[in-house]
>>> print(open('upload.pdb').read())   # PDB, C-alpha atoms
MODEL        1
ATOM      1  CA  MET B   1      11.832 -22.403  10.488
ATOM      2  CA  ASP B   2       8.141 -23.085  11.092
ATOM      3  CA  LEU B   3       8.000 -20.136  13.493
ATOM      4  CA  PHE B   4       9.380 -17.791  10.822
ATOM      5  CA  ARG B   5       6.935 -19.168   8.268
ATOM      6  CA  LEU B   6       4.031 -18.573  10.658
ATOM      7  CA  LEU B   7       5.205 -15.054  11.466
ATOM      8  CA  HIS B   8       5.619 -14.282   7.770
ATOM      9  CA  VAL B   9       2.136 -15.544   6.910
ATOM     10  CA  LEU B  10       0.670 -13.441   9.731
ATOM     11  CA  ALA B  11       2.602 -10.417   8.453
ATOM     12  CA  LEU B  12       1.256 -11.056   4.946
ATOM     13  CA  PHE B  13      -2.299 -11.040   6.313
ATOM     14  CA  TRP B  14      -1.504  -7.789   8.123
ATOM     15  CA  MET B  15      -0.177  -6.252   4.895
ATOM     16  CA  MET B  16      -3.222  -7.402   2.912
ATOM     17  CA  ALA B  17      -5.592  -6.023   5.560
ATOM     18  CA  GLY B  18      -3.729  -2.714   5.379
ATOM     19  CA  LEU B  19      -3.875  -2.648   1.593
ATOM     20  CA  GLY B  20      -7.597  -3.324   1.721
ATOM     21  CA  ALA B  21      -8.137  -0.688   4.409
ATOM     22  CA  VAL B  22      -6.442   1.855   2.158
ATOM     23  CA  MET B  23      -7.718   0.881  -1.264
ATOM     24  CA  VAL B  24     -11.413   0.374  -0.508
ATOM     25  CA  PRO B  25     -11.880   4.003   0.649
ATOM     26  CA  ILE B  26      -9.778   5.253  -2.272
ATOM     27  CA  TRP B  27     -11.885   3.394  -4.828
ATOM     28  CA  ARG B  28     -15.087   4.505  -3.088
ATOM     29  CA  ALA B  29     -13.858   8.102  -3.049
ATOM     30  CA  TRP B  30     -13.371   8.185  -6.796
ATOM     31  CA  SER B  31     -16.804   6.707  -7.421
ATOM     32  CA  ALA B  32     -18.504   9.272  -5.150
ATOM     33  CA  GLU B  33     -19.867  12.480  -6.637
ATOM     34  CA  ASP B  34     -19.943  14.574  -3.467
ATOM     35  CA  LEU B  35     -16.651  16.328  -2.759
ATOM     36  CA  GLU B  36     -17.170  16.181   1.024
ATOM     37  CA  THR B  37     -17.645  12.403   0.837
ATOM     38  CA  ARG B  38     -14.485  12.123  -1.237
ATOM     39  CA  ALA B  39     -12.515  14.157   1.275
ATOM     40  CA  VAL B  40     -13.727  12.008   4.187
ATOM     41  CA  MET B  41     -12.935   8.750   2.365
ATOM     42  CA  LEU B  42      -9.459   9.878   1.338
ATOM     43  CA  THR B  43      -8.742  11.076   4.877
ATOM     44  CA  GLU B  44      -9.771   7.626   6.114
ATOM     45  CA  ALA B  45      -7.465   6.010   3.536
ATOM     46  CA  ALA B  46      -4.548   8.227   4.599
ATOM     47  CA  GLN B  47      -5.028   7.237   8.228
ATOM     48  CA  ALA B  48      -5.269   3.538   7.320
ATOM     49  CA  GLU B  49      -2.061   3.830   5.320
ATOM     50  CA  THR B  50      -0.059   5.025   8.295
ATOM     51  CA  ARG B  51      -1.742   2.717  10.810
ATOM     52  CA  TRP B  52      -1.982  -0.556   8.894
ATOM     53  CA  LEU B  53      -0.297  -0.630   5.498
ATOM     54  CA  LEU B  54       3.099   0.785   6.427
ATOM     55  CA  SER B  55       3.475  -1.439   9.467
ATOM     56  CA  GLY B  56       2.236  -4.473   7.522
ATOM     57  CA  LEU B  57       4.751  -3.878   4.739
ATOM     58  CA  LEU B  58       7.541  -3.473   7.262
ATOM     59  CA  ALA B  59       6.544  -6.653   9.102
ATOM     60  CA  THR B  60       6.295  -8.573   5.827
ATOM     61  CA  GLY B  61       9.738  -7.494   4.690
ATOM     62  CA  LEU B  62      11.395  -8.264   8.013
ATOM     63  CA  THR B  63       9.740 -11.651   8.532
ATOM     64  CA  GLY B  64      10.390 -12.651   4.923
ATOM     65  CA  PHE B  65      14.057 -11.836   5.339
ATOM     66  CA  ALA B  66      14.185 -13.736   8.639
ATOM     67  CA  TRP B  67      12.499 -16.767   7.074
ATOM     68  CA  ALA B  68      14.909 -16.771   4.122
ATOM     69  CA  ALA B  69      17.896 -16.366   6.441
ATOM     70  CA  SER B  70      16.764 -19.198   8.716
ATOM     71  CA  ASP B  71      16.296 -21.414   5.660
ATOM     72  CA  ASN B  72      19.779 -20.476   4.317
ATOM     73  CA  THR B  73      18.255 -19.196   1.075
ATOM     74  CA  ASN B  74      20.521 -16.906  -0.929
ATOM     75  CA  LEU B  75      18.664 -13.636  -1.506
ATOM     76  CA  ILE B  76      20.623 -12.771  -4.658
ATOM     77  CA  THR B  77      21.219 -15.999  -6.566
ATOM     78  CA  THR B  78      17.731 -17.452  -6.097
ATOM     79  CA  GLY B  79      16.013 -16.071  -9.204
ATOM     80  CA  TRP B  80      12.382 -16.176  -8.122
ATOM     81  CA  LEU B  81      13.238 -14.642  -4.730
ATOM     82  CA  LEU B  82      15.254 -11.868  -6.355
ATOM     83  CA  ALA B  83      12.297 -11.085  -8.662
ATOM     84  CA  LEU B  84       9.990 -11.087  -5.641
ATOM     85  CA  GLU B  85      12.325  -8.705  -3.817
ATOM     86  CA  VAL B  86      12.392  -6.347  -6.809
ATOM     87  CA  VAL B  87       8.591  -6.218  -7.002
ATOM     88  CA  PHE B  88       8.394  -5.672  -3.233
ATOM     89  CA  ILE B  89      11.010  -2.891  -3.401
ATOM     90  CA  VAL B  90       9.127  -1.187  -6.246
ATOM     91  CA  ASN B  91       5.993  -1.302  -4.090
ATOM     92  CA  VAL B  92       7.739   0.080  -1.006
ATOM     93  CA  PHE B  93       9.924   2.739  -2.614
ATOM     94  CA  ILE B  94       7.864   3.890  -5.627
ATOM     95  CA  PHE B  95       4.167   2.981  -5.461
ATOM     96  CA  LEU B  96       3.598   3.488  -1.723
ATOM     97  CA  PRO B  97       5.293   6.913  -1.449
ATOM     98  CA  LEU B  98       3.518   8.273  -4.514
ATOM     99  CA  MET B  99       0.161   7.042  -3.241
ATOM    100  CA  GLY B 100       0.920   8.390   0.235
ATOM    101  CA  VAL B 101       1.871  11.866  -0.987
ATOM    102  CA  GLY B 102      -1.429  12.171  -2.828
ATOM    103  CA  LEU B 103      -3.391  10.980   0.202
ATOM    104  CA  ARG B 104      -1.602  13.286   2.637
ATOM    105  CA  ARG B 105      -2.136  16.247   0.302
ATOM    106  CA  VAL B 106      -5.878  15.602   0.181
ATOM    107  CA  ARG B 107      -6.031  15.073   3.936
ATOM    108  CA  LEU B 108      -4.228  18.348   4.656
ATOM    109  CA  LEU B 109      -6.351  20.327   2.221
ATOM    110  CA  ALA B 110      -9.550  18.742   3.556
ATOM    111  CA  LEU B 111      -8.628  19.748   7.116
ATOM    112  CA  GLN B 112      -7.906  23.300   5.955
ATOM    113  CA  ALA B 113     -11.212  23.438   4.071
ATOM    114  CA  ARG B 114     -13.146  22.219   7.118
ATOM    115  CA  LYS B 115     -11.513  24.903   9.256
ATOM    116  CA  ARG B 116     -12.474  27.603   6.749
ATOM    117  CA  GLY B 117     -15.905  26.068   6.231
ATOM    118  CA  GLU B 118     -15.698  25.958   2.433
ATOM    119  CA  MET B 119     -14.259  23.759  -0.291
ATOM    120  CA  SER B 120     -11.193  25.339  -1.883
ATOM    121  CA  GLU B 121     -10.276  25.074  -5.545
ATOM    122  CA  GLU B 122      -6.968  23.498  -4.532
ATOM    123  CA  LEU B 123      -8.855  20.751  -2.662
ATOM    124  CA  GLN B 124     -11.084  20.130  -5.661
ATOM    125  CA  ASP B 125      -7.996  19.746  -7.844
ATOM    126  CA  ALA B 126      -6.442  17.346  -5.322
ATOM    127  CA  LEU B 127      -9.658  15.304  -5.176
ATOM    128  CA  ASN B 128      -9.698  15.055  -8.968
ATOM    129  CA  ASP B 129      -6.069  13.904  -8.992
ATOM    130  CA  ARG B 130      -5.753  10.196  -9.829
ATOM    131  CA  VAL B 131      -2.304   9.541  -8.329
ATOM    132  CA  PRO B 132      -3.438   7.617  -5.205
ATOM    133  CA  VAL B 133      -5.872   5.431  -7.106
ATOM    134  CA  VAL B 134      -3.382   4.620  -9.869
ATOM    135  CA  PHE B 135      -0.454   3.705  -7.645
ATOM    136  CA  GLY B 136      -2.638   1.973  -5.086
ATOM    137  CA  THR B 137      -4.183  -0.138  -7.838
ATOM    138  CA  LEU B 138      -0.704  -0.972  -9.108
ATOM    139  CA  MET B 139       0.129  -2.202  -5.597
ATOM    140  CA  VAL B 140      -2.989  -4.380  -5.611
ATOM    141  CA  ILE B 141      -2.081  -5.773  -9.048
ATOM    142  CA  SER B 142       1.439  -6.581  -7.864
ATOM    143  CA  VAL B 143       0.137  -8.848  -5.076
ATOM    144  CA  PRO B 144      -0.881 -11.707  -7.424
ATOM    145  CA  VAL B 145       2.473 -11.344  -9.194
ATOM    146  CA  MET B 146       4.332 -11.678  -5.889
ATOM    147  CA  THR B 147       2.108 -14.599  -4.900
ATOM    148  CA  TRP B 148       2.777 -16.374  -8.204
ATOM    149  CA  LEU B 149       6.524 -15.856  -7.833
ATOM    150  CA  ALA B 150       6.505 -17.315  -4.305
ATOM    151  CA  ILE B 151       4.334 -20.318  -5.168
ATOM    152  CA  ALA B 152       5.438 -21.232  -8.706
ATOM    153  CA  LYS B 153       9.142 -20.387  -8.242
ATOM    154  CA  PRO B 154       9.546 -20.168 -12.037
ATOM    155  CA  PHE B 155      13.305 -19.569 -12.058
TER     156      PHE B 155
ENDMDL
END
>>> encode(input="upload.pdb", output="structure tokens")
Amino acid sequence: MDLFRLLHVLALFWMMAGLGAVMVPIWRAWSAEDLETRAVMLTEAAQAETRWLLSGLLATGLTGFAWAASDNTNLITTGWLLALEVVFIVNVFIFLPLMGVGLRRVRLLALQARKRGEMSEELQDALNDRVPVVFGTLMVISVPVMTWLAIAKPF
């Protein structure tokens, strides 16, 4: 059981590093005035999402399940764990895809604009879109909620 706990904690650090690697450029992009700087930052965030955040979320989910299974914890009848699973599932299946779609759209349009050598109106609209920052921030806000559920075990 200690091995699964260690692996899960390492996976949590991996997920948090991925979330930071994605959200810091996103927040910096929306505070920047220059559209080229925004495009570069959001491209960096899109690459960090696929390299770090997705794999960290996957590792966290798998190691958490393995830890619970090795500890003979019921995933359905344990109230705090069920709530934690619901928040995690909302992050993985709602917040992450919506944030990722916005980031990939900006990345694609930025690459097209660089090839043409000019900023397109479609890219400007995508850069002014708040979807990645909203859903990414919701993911960041959900982390303390998941932490509280795992530590306090309120129900």
>>> closest_residue(input="upload.pdb", among="B:Ile26, B:Ile151, B:Leu53, B:Met146", to="B:Trp14", atoms="all atoms listed in the file")
B:Leu53
>>> closest_residue(input="upload.pdb", among="B:Phe93, B:Trp52, B:Phe65, B:Trp80", to="B:Met139", atoms="all atoms listed in the file")
B:Phe93
>>> atom_distance(input="upload.pdb", atom1="atom CA of B:Ala21", atom2="atom CA of B:Trp148")
22.9 Å
>>> resolve_selection(input="upload.pdb", expression="the PyMOL selection byres ((chain B and resi 33-42) around 12)", output="ChimeraX atom specification")
/B:21-32,43-49,99-114,117-121,123-130,132-133
>>> resolve_selection(input="upload.pdb", expression="the PyMOL selection byres ((chain B and resi 13) around 12)", output="PDB file with C-alpha atoms, in the frame of the given file")
ATOM      1  CA  LEU B   6       4.031 -18.573  10.658  1.00  0.00           C
ATOM      2  CA  LEU B   7       5.205 -15.054  11.466  1.00  0.00           C
ATOM      3  CA  HIS B   8       5.619 -14.282   7.770  1.00  0.00           C
ATOM      4  CA  VAL B   9       2.136 -15.544   6.910  1.00  0.00           C
ATOM      5  CA  LEU B  10       0.670 -13.441   9.731  1.00  0.00           C
ATOM      6  CA  ALA B  11       2.602 -10.417   8.453  1.00  0.00           C
ATOM      7  CA  LEU B  12       1.256 -11.056   4.946  1.00  0.00           C
ATOM      8  CA  TRP B  14      -1.504  -7.789   8.123  1.00  0.00           C
ATOM      9  CA  MET B  15      -0.177  -6.252   4.895  1.00  0.00           C
ATOM     10  CA  MET B  16      -3.222  -7.402   2.912  1.00  0.00           C
ATOM     11  CA  ALA B  17      -5.592  -6.023   5.560  1.00  0.00           C
ATOM     12  CA  GLY B  18      -3.729  -2.714   5.379  1.00  0.00           C
ATOM     13  CA  LEU B  19      -3.875  -2.648   1.593  1.00  0.00           C
ATOM     14  CA  GLY B  20      -7.597  -3.324   1.721  1.00  0.00           C
ATOM     15  CA  TRP B  52      -1.982  -0.556   8.894  1.00  0.00           C
ATOM     16  CA  LEU B  53      -0.297  -0.630   5.498  1.00  0.00           C
ATOM     17  CA  SER B  55       3.475  -1.439   9.467  1.00  0.00           C
ATOM     18  CA  GLY B  56       2.236  -4.473   7.522  1.00  0.00           C
ATOM     19  CA  LEU B  57       4.751  -3.878   4.739  1.00  0.00           C
ATOM     20  CA  ALA B  59       6.544  -6.653   9.102  1.00  0.00           C
ATOM     21  CA  THR B  60       6.295  -8.573   5.827  1.00  0.00           C
ATOM     22  CA  VAL B 143       0.137  -8.848  -5.076  1.00  0.00           C
TER      23      VAL B 143
END
>>> residues_around(input="upload.pdb", residues="B:Ser142", least_positions_apart="2", cutoff="10 Å", atoms="all atoms listed in the file", output="list in words")
Leu84, Val87, Phe88, Val90, Asn91, Gly136, Thr137, Leu138, Met139, Val140, Pro144, Val145, Met146, Thr147 and Trp148 of chain B
>>> write_last_selection(input="upload.pdb", atoms="C-alpha atoms", output="PDB file, in the frame of the given file")
ATOM      1  CA  LEU B  84       9.990 -11.087  -5.641  1.00  0.00           C
ATOM      2  CA  VAL B  87       8.591  -6.218  -7.002  1.00  0.00           C
ATOM      3  CA  PHE B  88       8.394  -5.672  -3.233  1.00  0.00           C
ATOM      4  CA  VAL B  90       9.127  -1.187  -6.246  1.00  0.00           C
ATOM      5  CA  ASN B  91       5.993  -1.302  -4.090  1.00  0.00           C
ATOM      6  CA  GLY B 136      -2.638   1.973  -5.086  1.00  0.00           C
ATOM      7  CA  THR B 137      -4.183  -0.138  -7.838  1.00  0.00           C
ATOM      8  CA  LEU B 138      -0.704  -0.972  -9.108  1.00  0.00           C
ATOM      9  CA  MET B 139       0.129  -2.202  -5.597  1.00  0.00           C
ATOM     10  CA  VAL B 140      -2.989  -4.380  -5.611  1.00  0.00           C
ATOM     11  CA  PRO B 144      -0.881 -11.707  -7.424  1.00  0.00           C
ATOM     12  CA  VAL B 145       2.473 -11.344  -9.194  1.00  0.00           C
ATOM     13  CA  MET B 146       4.332 -11.678  -5.889  1.00  0.00           C
ATOM     14  CA  THR B 147       2.108 -14.599  -4.900  1.00  0.00           C
ATOM     15  CA  TRP B 148       2.777 -16.374  -8.204  1.00  0.00           C
TER      16      TRP B 148
END
>>> residues_around(input="upload.pdb", residues="B:Phe155", least_positions_apart="5", cutoff="12 Å", atoms="all atoms listed in the file", output="mmCIF file with C-alpha atoms, in the frame of the given file")
data_model
loop_
_atom_site.group_PDB
_atom_site.id
_atom_site.type_symbol
_atom_site.label_atom_id
_atom_site.label_comp_id
_atom_site.auth_asym_id
_atom_site.auth_seq_id
_atom_site.Cartn_x
_atom_site.Cartn_y
_atom_site.Cartn_z
ATOM 1 C CA THR B 77 21.219 -15.999 -6.566
ATOM 2 C CA THR B 78 17.731 -17.452 -6.097
ATOM 3 C CA GLY B 79 16.013 -16.071 -9.204
ATOM 4 C CA TRP B 80 12.382 -16.176 -8.122
ATOM 5 C CA LEU B 81 13.238 -14.642 -4.730
ATOM 6 C CA LEU B 82 15.254 -11.868 -6.355
ATOM 7 C CA ALA B 83 12.297 -11.085 -8.662
ATOM 8 C CA LEU B 84 9.990 -11.087 -5.641
ATOM 9 C CA TRP B 148 2.777 -16.374 -8.204
ATOM 10 C CA LEU B 149 6.524 -15.856 -7.833
ATOM 11 C CA ALA B 150 6.505 -17.315 -4.305
#
>>> closest_residue(input="upload.pdb", among="B:Glu122, B:Phe135, B:Thr63, B:Lys115", to="B:Pro97", atoms="only C-alpha atoms")
B:Phe135
>>> residues_around(input="upload.pdb", residues="B:Val92", least_positions_apart="6", cutoff="10 Å", atoms="all atoms listed in the file", output="VMD selection string")
chain B and resid 54 57 to 58 61 86 98 139
>>> atom_distance(input="upload.pdb", atom1="atom CA of B:Asn72", atom2="atom CA of B:Ile89")
21.1 Å
>>> atom_distance(input="upload.pdb", atom1="atom CA of B:Ala66", atom2="atom CA of B:Phe4")
6.7 Å
>>> axis_aligned_box(input="upload.pdb", around="stretch 134-142 of chain B", padding_each_side="5 Å", output="AutoDock Vina command-line options")
--center_x -1.4 --center_y -1.0 --center_z -7.5 --size_x 15.6 --size_y 21.2 --size_z 14.8
